[in-house]
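Undergrad: As input, take structure-v9.tsv (TSV, C-alpha atoms):
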```tsv
chain	number	residue	atom	x	y	z
A	1	MET	CA	-14.75	-25.39	-4.68
A	2	TRP	CA	-14.17	-28.86	-3.49
A	3	VAL	CA	-16.85	-31.14	-2.16
A	4	LEU	CA	-16.14	-33.61	0.61
A	5	LEU	CA	-18.08	-36.71	-0.20
A	6	VAL	CA	-18.90	-37.60	3.33
A	7	LEU	CA	-22.55	-38.38	3.07
A	8	ILE	CA	-24.51	-38.58	6.24
A	9	GLY	CA	-28.04	-39.64	6.88
A	10	ALA	CA	-30.88	-38.31	8.90
A	11	ALA	CA	-28.61	-37.95	11.91
A	12	SER	CA	-27.47	-34.56	10.63
A	13	ILE	CA	-27.67	-32.08	13.48
A	14	SER	CA	-28.46	-29.20	11.17
A	15	ALA	CA	-31.74	-29.89	9.43
A	16	HIS	CA	-30.85	-27.23	6.87
A	17	LEU	CA	-27.85	-28.95	5.36
A	18	GLN	CA	-28.51	-32.61	4.97
A	19	ASP	CA	-25.93	-33.97	2.58
A	20	LEU	CA	-22.53	-32.97	3.79
A	21	SER	CA	-20.83	-33.22	7.13
A	22	PHE	CA	-18.14	-30.77	8.08
A	23	ASP	CA	-17.42	-32.66	11.27
A	24	GLY	CA	-13.83	-32.30	12.36
A	25	GLN	CA	-12.98	-29.84	9.61
A	26	LYS	CA	-10.84	-26.95	10.84
A	27	VAL	CA	-10.22	-23.38	9.78
A	28	PHE	CA	-6.65	-22.21	10.30
A	29	ARG	CA	-5.18	-18.72	10.33
A	30	VAL	CA	-1.57	-18.18	9.36
A	31	ILE	CA	0.36	-14.97	8.76
A	32	PRO	CA	3.33	-16.05	6.63
A	33	GLN	CA	6.37	-14.00	7.58
A	34	ASN	CA	8.39	-14.42	4.38
A	35	ASP	CA	8.44	-15.95	0.90
A	36	GLU	CA	9.55	-19.28	2.30
A	37	GLN	CA	6.45	-19.54	4.50
A	38	VAL	CA	4.28	-18.46	1.55
A	39	GLU	CA	5.82	-21.34	-0.39
A	40	ILE	CA	4.94	-23.75	2.44
A	41	LEU	CA	1.27	-22.75	2.16
A	42	ASN	CA	1.40	-23.11	-1.62
A	43	SER	CA	2.87	-26.60	-1.38
A	44	LEU	CA	0.25	-27.49	1.21
A	45	ALA	CA	-2.46	-26.47	-1.26
A	46	SER	CA	-0.84	-28.58	-3.97
A	47	ILE	CA	-0.77	-31.81	-1.94
A	48	MET	CA	-4.24	-31.63	-0.39
A	49	GLN	CA	-7.59	-29.94	-0.81
A	50	VAL	CA	-7.45	-26.56	0.85
A	51	ASP	CA	-10.36	-24.12	0.76
A	52	PHE	CA	-8.99	-20.59	1.03
A	53	TRP	CA	-11.35	-18.23	2.82
A	54	GLN	CA	-9.12	-15.19	2.87
A	55	PRO	CA	-7.60	-14.51	0.34
A	56	ASP	CA	-9.58	-16.46	-2.27
A	57	SER	CA	-6.75	-18.67	-3.49
A	58	ALA	CA	-3.21	-19.80	-2.73
A	59	THR	CA	-1.82	-17.73	-5.61
A	60	LEU	CA	-2.80	-14.51	-3.82
A	61	VAL	CA	-0.95	-15.30	-0.59
A	62	ARG	CA	1.83	-12.79	0.21
A	63	PRO	CA	4.17	-12.33	3.20
A	64	LYS	CA	2.57	-10.60	6.24
A	65	MET	CA	-0.93	-11.28	4.89
A	66	GLN	CA	-3.59	-12.82	7.10
A	67	VAL	CA	-4.50	-16.17	5.54
A	68	ASP	CA	-7.57	-18.17	6.60
A	69	PHE	CA	-8.12	-21.62	5.11
A	70	ARG	CA	-10.23	-24.71	5.70
A	71	VAL	CA	-9.05	-28.31	5.57
A	72	GLY	CA	-10.84	-31.63	5.81
A	73	ALA	CA	-10.96	-33.62	9.04
A	74	GLU	CA	-8.62	-36.26	7.62
A	75	ASN	CA	-5.95	-33.62	6.88
A	76	SER	CA	-6.17	-31.28	9.86
A	77	PHE	CA	-3.66	-33.20	11.97
A	78	LYS	CA	-1.25	-33.35	9.02
A	79	VAL	CA	-1.56	-29.60	8.50
A	80	GLU	CA	-0.81	-28.84	12.14
A	81	GLU	CA	2.24	-31.12	12.03
A	82	LEU	CA	3.51	-29.53	8.85
A	83	LEU	CA	3.06	-25.98	10.14
A	84	LYS	CA	4.77	-26.85	13.42
A	85	GLU	CA	7.70	-28.56	11.69
A	86	SER	CA	8.14	-25.60	9.36
A	87	GLY	CA	8.06	-23.12	12.23
A	88	VAL	CA	5.01	-21.37	10.84
A	89	GLU	CA	2.90	-19.81	13.57
A	90	TYR	CA	-0.78	-20.58	13.27
A	91	GLN	CA	-4.03	-20.46	15.17
A	92	VAL	CA	-7.12	-22.58	14.83
A	93	LEU	CA	-9.98	-20.16	14.13
A	94	ILE	CA	-12.68	-22.82	13.97
A	95	ASP	CA	-11.99	-26.14	15.65
A	96	ASN	CA	-15.02	-28.01	14.31
A	97	LEU	CA	-16.74	-26.54	11.29
A	98	GLN	CA	-19.92	-28.57	11.72
A	99	ALA	CA	-20.42	-27.16	15.21
A	100	ALA	CA	-19.88	-23.62	13.88
A	101	LEU	CA	-22.30	-24.36	11.08
A	102	ASP	CA	-25.00	-25.53	13.47
A	103	ALA	CA	-24.32	-22.54	15.71
A	104	GLN	CA	-25.17	-20.14	12.88
A	105	PHE	CA	-28.82	-20.74	13.58
A	106	ASP	CA	-28.68	-19.19	17.05
A	107	SER	CA	-31.23	-16.42	16.65
A	108	GLN	CA	-34.42	-16.29	18.65
A	109	ALA	CA	-36.32	-15.50	15.45
A	110	ARG	CA	-37.56	-18.95	14.53
A	111	ALA	CA	-40.68	-17.95	12.65
A	112	ALA	CA	-41.76	-20.49	10.08
A	113	GLY	CA	-41.80	-17.94	7.26
A	114	HIS	CA	-39.55	-15.04	6.36
A	115	SER	CA	-37.64	-13.26	9.11
A	116	TYR	CA	-35.18	-10.37	8.85
A	117	GLU	CA	-33.19	-11.77	11.76
A	118	LYS	CA	-32.52	-15.21	10.38
A	119	TYR	CA	-31.06	-16.64	7.21
A	120	ASN	CA	-33.79	-17.32	4.67
A	121	ASN	CA	-33.55	-19.90	1.91
A	122	TRP	CA	-34.13	-18.86	-1.70
A	123	ASP	CA	-37.82	-19.86	-1.88
A	124	THR	CA	-38.51	-17.76	1.20
A	125	ILE	CA	-36.61	-14.78	-0.24
A	126	ALA	CA	-38.39	-15.10	-3.60
A	127	ALA	CA	-41.80	-15.10	-1.88
A	128	TRP	CA	-40.69	-12.11	0.22
A	129	THR	CA	-39.83	-10.06	-2.90
A	130	ALA	CA	-43.43	-10.51	-4.07
A	131	ASP	CA	-44.88	-9.73	-0.63
A	132	ILE	CA	-42.85	-6.58	0.04
A	133	ALA	CA	-43.83	-5.17	-3.37
A	134	ALA	CA	-47.50	-6.06	-2.87
A	135	GLN	CA	-47.56	-4.50	0.61
A	136	ASN	CA	-45.83	-1.27	-0.47
A	137	PRO	CA	-47.12	-0.51	-3.97
A	138	ASP	CA	-46.24	3.20	-3.74
A	139	LEU	CA	-42.63	2.49	-2.84
A	140	VAL	CA	-41.61	-0.92	-4.18
A	141	SER	CA	-42.00	-2.73	-7.49
A	142	ARG	CA	-40.58	-6.08	-8.57
A	143	SER	CA	-39.28	-7.11	-11.97
A	144	VAL	CA	-37.29	-9.99	-13.45
A	145	ILE	CA	-33.98	-9.04	-15.08
A	146	GLY	CA	-33.03	-12.49	-16.32
A	147	GLU	CA	-32.77	-16.08	-15.24
A	148	THR	CA	-30.01	-18.18	-13.78
A	149	TYR	CA	-28.21	-21.12	-15.36
A	150	GLU	CA	-30.66	-23.49	-13.64
A	151	GLY	CA	-33.65	-21.41	-14.78
A	152	ARG	CA	-34.54	-19.44	-11.66
A	153	PRO	CA	-35.91	-15.91	-12.17
A	154	MET	CA	-33.63	-13.09	-10.99
A	155	TYR	CA	-35.89	-10.73	-9.07
A	156	LEU	CA	-35.02	-7.04	-8.83
A	157	LEU	CA	-36.74	-4.64	-6.45
A	158	LYS	CA	-37.05	-0.97	-7.37
A	159	MET	CA	-37.64	1.36	-4.42
A	160	GLY	CA	-38.61	5.01	-4.50
A	161	LYS	CA	-41.55	7.37	-4.95
A	162	SER	CA	-42.44	7.77	-8.58
A	163	GLY	CA	-41.19	11.01	-10.09
A	164	PRO	CA	-39.66	12.40	-13.27
A	165	ASN	CA	-35.95	12.14	-14.21
A	166	LYS	CA	-34.89	10.34	-11.05
A	167	LYS	CA	-31.32	9.15	-10.65
A	168	ALA	CA	-30.68	5.76	-9.08
A	169	ILE	CA	-28.37	3.66	-6.95
A	170	PHE	CA	-27.89	-0.01	-7.78
A	171	MET	CA	-27.16	-2.44	-4.95
A	172	ASP	CA	-26.64	-6.19	-5.13
A	173	CYS	CA	-26.07	-8.99	-2.64
A	174	GLY	CA	-25.21	-12.68	-2.80
A	175	PHE	CA	-22.47	-12.78	-5.45
A	176	HIS	CA	-20.66	-15.56	-3.59
A	177	ALA	CA	-23.02	-18.32	-2.50
A	178	ARG	CA	-21.62	-18.96	0.98
A	179	GLU	CA	-21.65	-15.31	2.10
A	180	TRP	CA	-25.11	-15.58	3.68
A	181	ILE	CA	-24.94	-12.29	5.59
A	182	SER	CA	-24.93	-10.51	2.24
A	183	PRO	CA	-28.48	-11.38	1.04
A	184	ALA	CA	-29.63	-10.85	4.63
A	185	PHE	CA	-28.44	-7.25	4.33
A	186	CYS	CA	-30.29	-6.56	1.07
A	187	GLN	CA	-33.51	-7.78	2.67
A	188	TRP	CA	-32.86	-5.67	5.77
A	189	PHE	CA	-32.16	-2.56	3.71
A	190	VAL	CA	-35.47	-2.88	1.85
A	191	LYS	CA	-37.30	-3.35	5.17
A	192	GLU	CA	-35.54	-0.32	6.63
A	193	ALA	CA	-36.48	1.81	3.64
A	194	VAL	CA	-40.18	0.99	3.70
A	195	GLU	CA	-40.47	1.11	7.51
A	196	THR	CA	-38.71	4.45	7.95
A	197	TYR	CA	-40.09	6.26	4.91
A	198	GLY	CA	-42.04	9.25	6.20
A	199	LYS	CA	-40.36	8.98	9.64
A	200	ASP	CA	-36.63	9.26	8.98
A	201	THR	CA	-35.84	12.49	7.12
A	202	VAL	CA	-32.76	11.15	5.32
A	203	MET	CA	-34.45	7.97	4.07
A	204	THR	CA	-37.57	9.91	3.09
A	205	THR	CA	-35.54	12.42	1.07
A	206	LEU	CA	-33.54	9.63	-0.58
A	207	LEU	CA	-36.65	7.74	-1.69
A	208	ASP	CA	-38.42	10.94	-2.80
A	209	LYS	CA	-35.50	12.10	-4.91
A	210	MET	CA	-33.80	8.87	-5.99
A	211	ASP	CA	-34.55	5.26	-6.83
A	212	PHE	CA	-32.79	2.22	-5.40
A	213	TYR	CA	-32.46	-0.94	-7.46
A	214	VAL	CA	-31.87	-3.88	-5.12
A	215	LEU	CA	-30.91	-7.34	-6.40
A	216	PRO	CA	-31.27	-9.49	-3.24
A	217	VAL	CA	-29.32	-12.51	-4.57
A	218	VAL	CA	-27.14	-12.50	-7.70
A	219	ASN	CA	-25.91	-16.09	-7.55
A	220	ILE	CA	-29.21	-17.80	-6.78
A	221	ASP	CA	-28.23	-21.30	-7.98
A	222	GLY	CA	-25.11	-21.25	-5.81
A	223	TYR	CA	-27.09	-19.95	-2.85
A	224	VAL	CA	-29.63	-22.77	-3.20
A	225	TYR	CA	-26.74	-25.24	-3.38
A	226	THR	CA	-25.32	-23.95	-0.07
A	227	TRP	CA	-28.67	-24.80	1.55
A	228	THR	CA	-29.07	-28.23	-0.03
A	229	ASN	CA	-25.63	-29.70	-0.68
A	230	ASP	CA	-22.51	-27.81	0.32
A	231	ARG	CA	-22.63	-24.86	2.73
A	232	MET	CA	-19.15	-23.81	1.61
A	233	TRP	CA	-19.91	-23.50	-2.11
A	234	ARG	CA	-18.83	-20.17	-3.64
A	235	LYS	CA	-19.36	-20.13	-7.40
A	236	THR	CA	-22.30	-20.34	-9.78
A	237	ARG	CA	-23.57	-23.81	-10.80
A	238	SER	CA	-22.95	-23.73	-14.55
A	239	LYS	CA	-21.35	-26.82	-16.08
A	240	ASN	CA	-17.80	-26.41	-17.38
A	241	GLY	CA	-18.01	-29.05	-20.06
A	242	ASN	CA	-14.56	-28.60	-21.56
A	243	SER	CA	-12.73	-29.73	-18.43
A	244	ILE	CA	-11.53	-33.31	-18.34
A	245	SER	CA	-13.66	-34.12	-15.34
A	246	ILE	CA	-16.70	-31.91	-15.07
A	247	CYS	CA	-16.18	-29.02	-12.70
A	248	TYR	CA	-19.04	-26.75	-11.86
A	249	GLY	CA	-19.31	-23.03	-11.55
A	250	THR	CA	-17.63	-19.74	-12.31
A	251	ASP	CA	-16.71	-17.08	-9.77
A	252	PRO	CA	-19.23	-14.41	-10.78
A	253	ASN	CA	-17.04	-11.69	-9.29
A	254	ARG	CA	-14.21	-12.62	-11.67
A	255	ASN	CA	-16.52	-12.74	-14.69
A	256	PHE	CA	-16.82	-9.05	-15.61
A	257	ASN	CA	-14.96	-7.28	-18.38
A	258	ALA	CA	-12.58	-5.33	-16.15
A	259	GLY	CA	-9.04	-6.59	-16.67
A	260	TRP	CA	-10.75	-9.96	-17.09
A	261	CYS	CA	-8.69	-12.96	-15.94
A	262	THR	CA	-5.42	-11.03	-15.75
A	263	THR	CA	-4.76	-11.21	-12.02
A	264	GLY	CA	-6.23	-12.92	-8.95
A	265	ALA	CA	-8.41	-15.13	-11.12
A	266	SER	CA	-7.92	-18.61	-12.53
A	267	LYS	CA	-8.39	-20.12	-15.98
A	268	ASN	CA	-8.85	-23.52	-14.34
A	269	PRO	CA	-12.58	-24.44	-14.34
A	270	CYS	CA	-12.14	-26.35	-11.07
A	271	SER	CA	-10.70	-23.34	-9.24
A	272	PRO	CA	-12.85	-21.33	-6.80
A	273	THR	CA	-11.73	-18.17	-8.64
A	274	TYR	CA	-12.40	-19.48	-12.17
A	275	CYS	CA	-13.01	-16.44	-14.38
A	276	GLY	CA	-15.34	-18.23	-16.80
A	277	SER	CA	-14.88	-18.98	-20.49
A	278	ALA	CA	-15.28	-15.28	-21.40
A	279	PRO	CA	-16.40	-12.05	-19.71
A	280	GLU	CA	-20.13	-12.31	-18.85
A	281	SER	CA	-20.15	-16.01	-19.77
A	282	GLU	CA	-22.48	-16.52	-16.80
A	283	LYS	CA	-26.18	-15.82	-17.32
A	284	GLU	CA	-26.29	-14.12	-13.92
A	285	THR	CA	-23.47	-11.65	-14.59
A	286	LYS	CA	-24.75	-10.96	-18.10
A	287	ALA	CA	-28.24	-10.15	-16.78
A	288	LEU	CA	-26.79	-7.78	-14.17
A	289	ALA	CA	-24.44	-6.10	-16.68
A	290	ASP	CA	-27.19	-5.76	-19.30
A	291	PHE	CA	-29.51	-4.09	-16.80
A	292	ILE	CA	-26.86	-1.61	-15.71
A	293	ARG	CA	-25.89	-0.82	-19.32
A	294	GLU	CA	-29.55	-0.16	-20.14
A	295	HIS	CA	-29.83	2.25	-17.20
A	296	LEU	CA	-26.40	3.88	-17.36
A	297	SER	CA	-27.85	7.36	-17.79
A	298	THR	CA	-29.65	7.13	-14.44
A	299	ILE	CA	-27.48	4.86	-12.23
A	300	LYS	CA	-25.03	7.08	-10.35
A	301	ALA	CA	-23.77	4.66	-7.69
A	302	TYR	CA	-23.08	0.94	-7.53
A	303	LEU	CA	-22.86	-0.88	-4.19
A	304	THR	CA	-22.05	-4.58	-3.97
A	305	ILE	CA	-22.23	-6.45	-0.66
A	306	HIS	CA	-19.88	-9.30	0.23
A	307	SER	CA	-18.39	-10.88	3.37
A	308	TYR	CA	-16.20	-11.21	5.36
A	309	SER	CA	-13.36	-8.87	6.54
A	310	GLN	CA	-14.98	-5.53	7.49
A	311	LEU	CA	-13.75	-3.58	4.50
A	312	LEU	CA	-15.10	-0.77	2.36
A	313	LEU	CA	-13.38	-0.97	-1.01
A	314	PHE	CA	-13.45	1.06	-4.19
A	315	PRO	CA	-11.66	0.69	-7.58
A	316	TYR	CA	-9.36	-0.58	-8.66
A	317	SER	CA	-8.87	-4.23	-7.86
A	318	TYR	CA	-7.52	-5.32	-11.26
A	319	THR	CA	-4.67	-2.79	-11.22
A	320	PHE	CA	-2.66	-0.90	-8.61
A	321	THR	CA	-3.28	2.30	-10.60
A	322	LEU	CA	-5.45	4.67	-8.59
A	323	PRO	CA	-8.75	5.75	-10.17
A	324	PRO	CA	-9.10	9.37	-11.35
A	325	ASP	CA	-11.64	9.93	-8.54
A	326	TYR	CA	-9.38	8.46	-5.86
A	327	GLN	CA	-9.44	11.45	-3.48
A	328	GLU	CA	-13.21	11.76	-3.51
A	329	LEU	CA	-13.88	8.01	-3.22
A	330	ASN	CA	-11.36	7.70	-0.39
A	331	SER	CA	-12.94	10.53	1.60
A	332	ILE	CA	-16.44	9.05	1.11
A	333	ALA	CA	-15.19	5.63	2.26
A	334	SER	CA	-13.53	7.23	5.29
A	335	ALA	CA	-16.69	9.09	6.31
A	336	ALA	CA	-18.97	6.10	5.63
A	337	SER	CA	-16.71	3.87	7.76
A	338	LYS	CA	-16.97	6.40	10.61
A	339	GLU	CA	-20.76	6.37	10.29
A	340	LEU	CA	-20.78	2.58	10.41
A	341	ALA	CA	-18.54	2.51	13.50
A	342	SER	CA	-20.74	5.04	15.33
A	343	LEU	CA	-23.27	2.36	16.34
A	344	TYR	CA	-21.31	-0.64	17.63
A	345	LYS	CA	-17.70	0.54	17.18
A	346	THR	CA	-17.15	-1.98	14.39
A	347	LYS	CA	-13.88	-1.09	12.72
A	348	TYR	CA	-13.71	-1.08	8.93
A	349	THR	CA	-10.61	-0.70	6.78
A	350	TYR	CA	-11.10	1.21	3.53
A	351	GLY	CA	-9.22	1.88	0.32
A	352	PRO	CA	-8.72	0.71	-3.27
A	353	GLY	CA	-9.26	-3.05	-3.62
A	354	ALA	CA	-5.85	-4.05	-5.02
A	355	GLU	CA	-3.83	-2.50	-2.24
A	356	THR	CA	-6.32	-2.90	0.60
A	357	ILE	CA	-6.76	-6.66	0.17
A	358	TYR	CA	-5.26	-8.16	-2.98
A	359	PRO	CA	-5.37	-7.70	-6.75
A	360	ALA	CA	-8.32	-9.44	-8.40
A	361	ALA	CA	-9.57	-8.89	-11.93
A	362	GLY	CA	-13.08	-9.16	-13.33
A	363	GLY	CA	-14.96	-7.65	-10.38
A	364	SER	CA	-18.32	-5.96	-10.73
A	365	ASP	CA	-17.27	-2.77	-8.89
A	366	ASP	CA	-14.33	-2.09	-11.22
A	367	TRP	CA	-16.53	-2.85	-14.22
A	368	ALA	CA	-19.27	-0.47	-13.02
A	369	TYR	CA	-16.70	2.27	-12.42
A	370	ASP	CA	-15.26	1.80	-15.90
A	371	GLN	CA	-18.80	2.08	-17.28
A	372	GLY	CA	-18.86	5.60	-15.86
A	373	ILE	CA	-20.54	4.94	-12.51
A	374	LYS	CA	-18.26	7.07	-10.37
A	375	TYR	CA	-19.51	6.05	-6.92
A	376	SER	CA	-18.69	2.35	-6.95
A	377	PHE	CA	-18.09	0.54	-3.65
A	378	THR	CA	-17.72	-3.00	-2.31
A	379	PHE	CA	-18.64	-3.78	1.29
A	380	GLU	CA	-17.10	-6.80	3.01
A	381	LEU	CA	-19.35	-7.23	6.05
A	382	ARG	CA	-18.62	-8.83	9.44
A	383	ASP	CA	-16.63	-10.40	10.77
A	384	THR	CA	-12.83	-10.58	10.61
A	385	GLY	CA	-12.59	-14.36	10.78
A	386	ARG	CA	-13.86	-15.59	14.15
A	387	TYR	CA	-16.89	-17.01	12.33
A	388	GLY	CA	-15.95	-16.12	8.76
A	389	PHE	CA	-18.72	-17.20	6.39
A	390	LEU	CA	-20.67	-18.73	9.28
A	391	LEU	CA	-21.70	-15.52	11.01
A	392	PRO	CA	-24.35	-16.41	13.63
A	393	GLU	CA	-27.90	-15.18	13.07
A	394	SER	CA	-27.70	-13.20	16.31
A	395	GLN	CA	-25.30	-10.89	14.45
A	396	ILE	CA	-27.59	-10.22	11.49
A	397	LYS	CA	-29.39	-7.32	13.17
A	398	PRO	CA	-26.34	-5.40	14.43
A	399	THR	CA	-24.45	-6.05	11.19
A	400	CYS	CA	-27.32	-4.73	9.10
A	401	GLU	CA	-28.08	-1.77	11.37
A	402	GLU	CA	-24.52	-0.45	11.18
A	403	THR	CA	-24.22	-1.11	7.44
A	404	VAL	CA	-27.44	0.81	6.73
A	405	LEU	CA	-25.78	3.88	8.27
A	406	ALA	CA	-22.88	3.66	5.83
A	407	VAL	CA	-25.15	3.02	2.83
A	408	LYS	CA	-27.37	5.97	3.77
A	409	TYR	CA	-24.30	8.17	4.10
A	410	ILE	CA	-23.05	7.18	0.63
A	411	ALA	CA	-26.53	7.53	-0.93
A	412	ASN	CA	-27.00	10.97	0.60
A	413	TYR	CA	-23.57	12.05	-0.64
A	414	VAL	CA	-24.46	10.84	-4.15
A	415	LEU	CA	-27.73	12.77	-4.03
A	416	GLU	CA	-25.85	15.95	-3.11
A	417	HIS	CA	-23.16	15.39	-5.76
A	418	LEU	CA	-25.12	14.22	-8.79
A	419	TYR	CA	-23.18	14.32	-12.02
```
Rewrite the structure of this file - the entire thing - as structure tokens.
TA:
Amino acid sequence: MWVLLVLIGAASISAHLQDLSFDGQKVFRVIPQNDEQVEILNSLASIMQVDFWQPDSATLVRPKMQVDFRVGAENSFKVEELLKESGVEYQVLIDNLQAALDAQFDSQARAAGHSYEKYNNWDTIAAWTADIAAQNPDLVSRSVIGETYEGRPMYLLKMGKSGPNKKAIFMDCGFHAREWISPAFCQWFVKEAVETYGKDTVMTTLLDKMDFYVLPVVNIDGYVYTWTNDRMWRKTRSKNGNSISICYGTDPNRNFNAGWCTTGASKNPCSPTYCGSAPESEKETKALADFIREHLSTIKAYLTIHSYSQLLLFPYSYTFTLPPDYQELNSIASAASKELASLYKTKYTYGPGAETIYPAAGGSDDWAYDQGIKYSFTFELRDTGRYGFLLPESQIKPTCEETVLAVKYIANYVLEHLY
């Protein structure tokens, strides 16, 4: 990810993000109609810094694909000129990124401490993991499964009534640092579980008969960095020492041993989709993978929460080959998407990752599936690009409410089809 070195002082409108101004930066949407227009976008990316939001990099752009990308203030006029001259149709999704960034914090929930309806920084989330476990000792326990590159503990919450031989579902959030709605969902789900246990029959049955492992933030260092330095940061914060100029970070969702670095990932340490020096080179992905390997006999489903695009994906992403369980996974995704839409009519697209969005190797869902965890799904939460990674806080509640319905549907299905 690239960093615009436009340092600003105390005049920053958003008190949360002091160091970097995104004033005048724009997010464009283009749907290239043919290979020639794809080439125009590729050449654009080669002559200036372009941050691809959807898909993750220029190399993944194909004809007829919706492409969202961000450019610096100094280049936005040039980009518009170039697109116009080339006859490429475009729209400006976000006219001023700084304004959109400030507008994220639009919720009424301005409590000083933790709130489920606002974005919480890492210290607040860490304190919350301790509090929620302390307040619900019969339902929630907290452990540490590893530490990040910068030495932060990776907290894992285990939810469920204690009982013998229980099977489990593993859910994680916050793989990509800038996808703030993702950790917000993990927190919401835990809240929902403890608040509705004993009241909601489905949730009660789930927690009586199964355990949920919830990792609220995978990429903690990156998440902290989005609060302190660069809101648009995606990767981890490890140092890639072998690059000529030091580039930081690996894309944790390209760092698993599932077709590692074969497609949709980069070997360039400066790329936003850098696959790392080896599978599980990142302390964060290694800790997650180690935990799942140690609990393979009990973990029957793996759910990973990302944003944005409103998708429910299942394997594979590293190959166009359909998984052996394709029919079953597709029907679960179809039914779960219907459940999700039942609340606010939010439309989700579902299917195997490679053909539903684009091929990308080294993802955690493909890896989990190849480990034998049959029910492996990736959620891409709201929205479809109007706000992109800067989803306003006023949308946290509806986004989480509808997603809980889909997660409960999948969990209940797993419970009824244990293997």
Undergrad: Just checking: using all atoms listed in the file, which residue out of A:His295, A:Lys338, A:His417, A:Arg70 ends up closest to A:Phe389?
TA: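 Smallest separation from A:Phe389 among the options: A:Arg70.
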Undergrad: Find, counting all atoms listed in the file, the residue in A:Ile132, A:Met171, A:Asn240, A:Trp260 that gets nearest to A:Glu195.
TA: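 Residue with the minimum atom-to-atom distance to A:Glu195: A:Ile132.
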Undergrad: Given the choices A:His176, A:Lys286, A:Lys78, A:Lys300, which gets closest to A:Glu416 if the distance is worked out from only C-alpha atoms?
TA: A:Lys300
Undergrad: Which is closer to A:Lys397 than all the others in A:Phe170, A:Tyr308, A:Phe189, A:Tyr155, using all atoms listed in the file?
TA: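 Residue with the minimum atom-to-atom distance to A:Lys397: A:Phe189.
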Undergrad: Report, in Å with one decimal, the straight-line distance from atom CA of A:Ser162 to atom CA of A:Pro183.
TA: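 These two atoms are separated by 25.6 Å.
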Undergrad: Taking 5 positions as the minimum chain separation for residues in the same chain, which residues sit within 12 Å of A:Asp325 when counting all atoms listed in the file? Answer as JSON, numbers by chain.
TA: {"A": [314, 315, 316, 330, 331, 332, 352, 369, 370, 372, 373, 374, 375, 376]}
Undergrad: Could you check the closest approach to A:Leu329 for each of A:Val218, A:Leu139, A:Ala341, A:Leu312 and tell me which residue wins, using all atoms listed in the file?
TA: A:Leu312
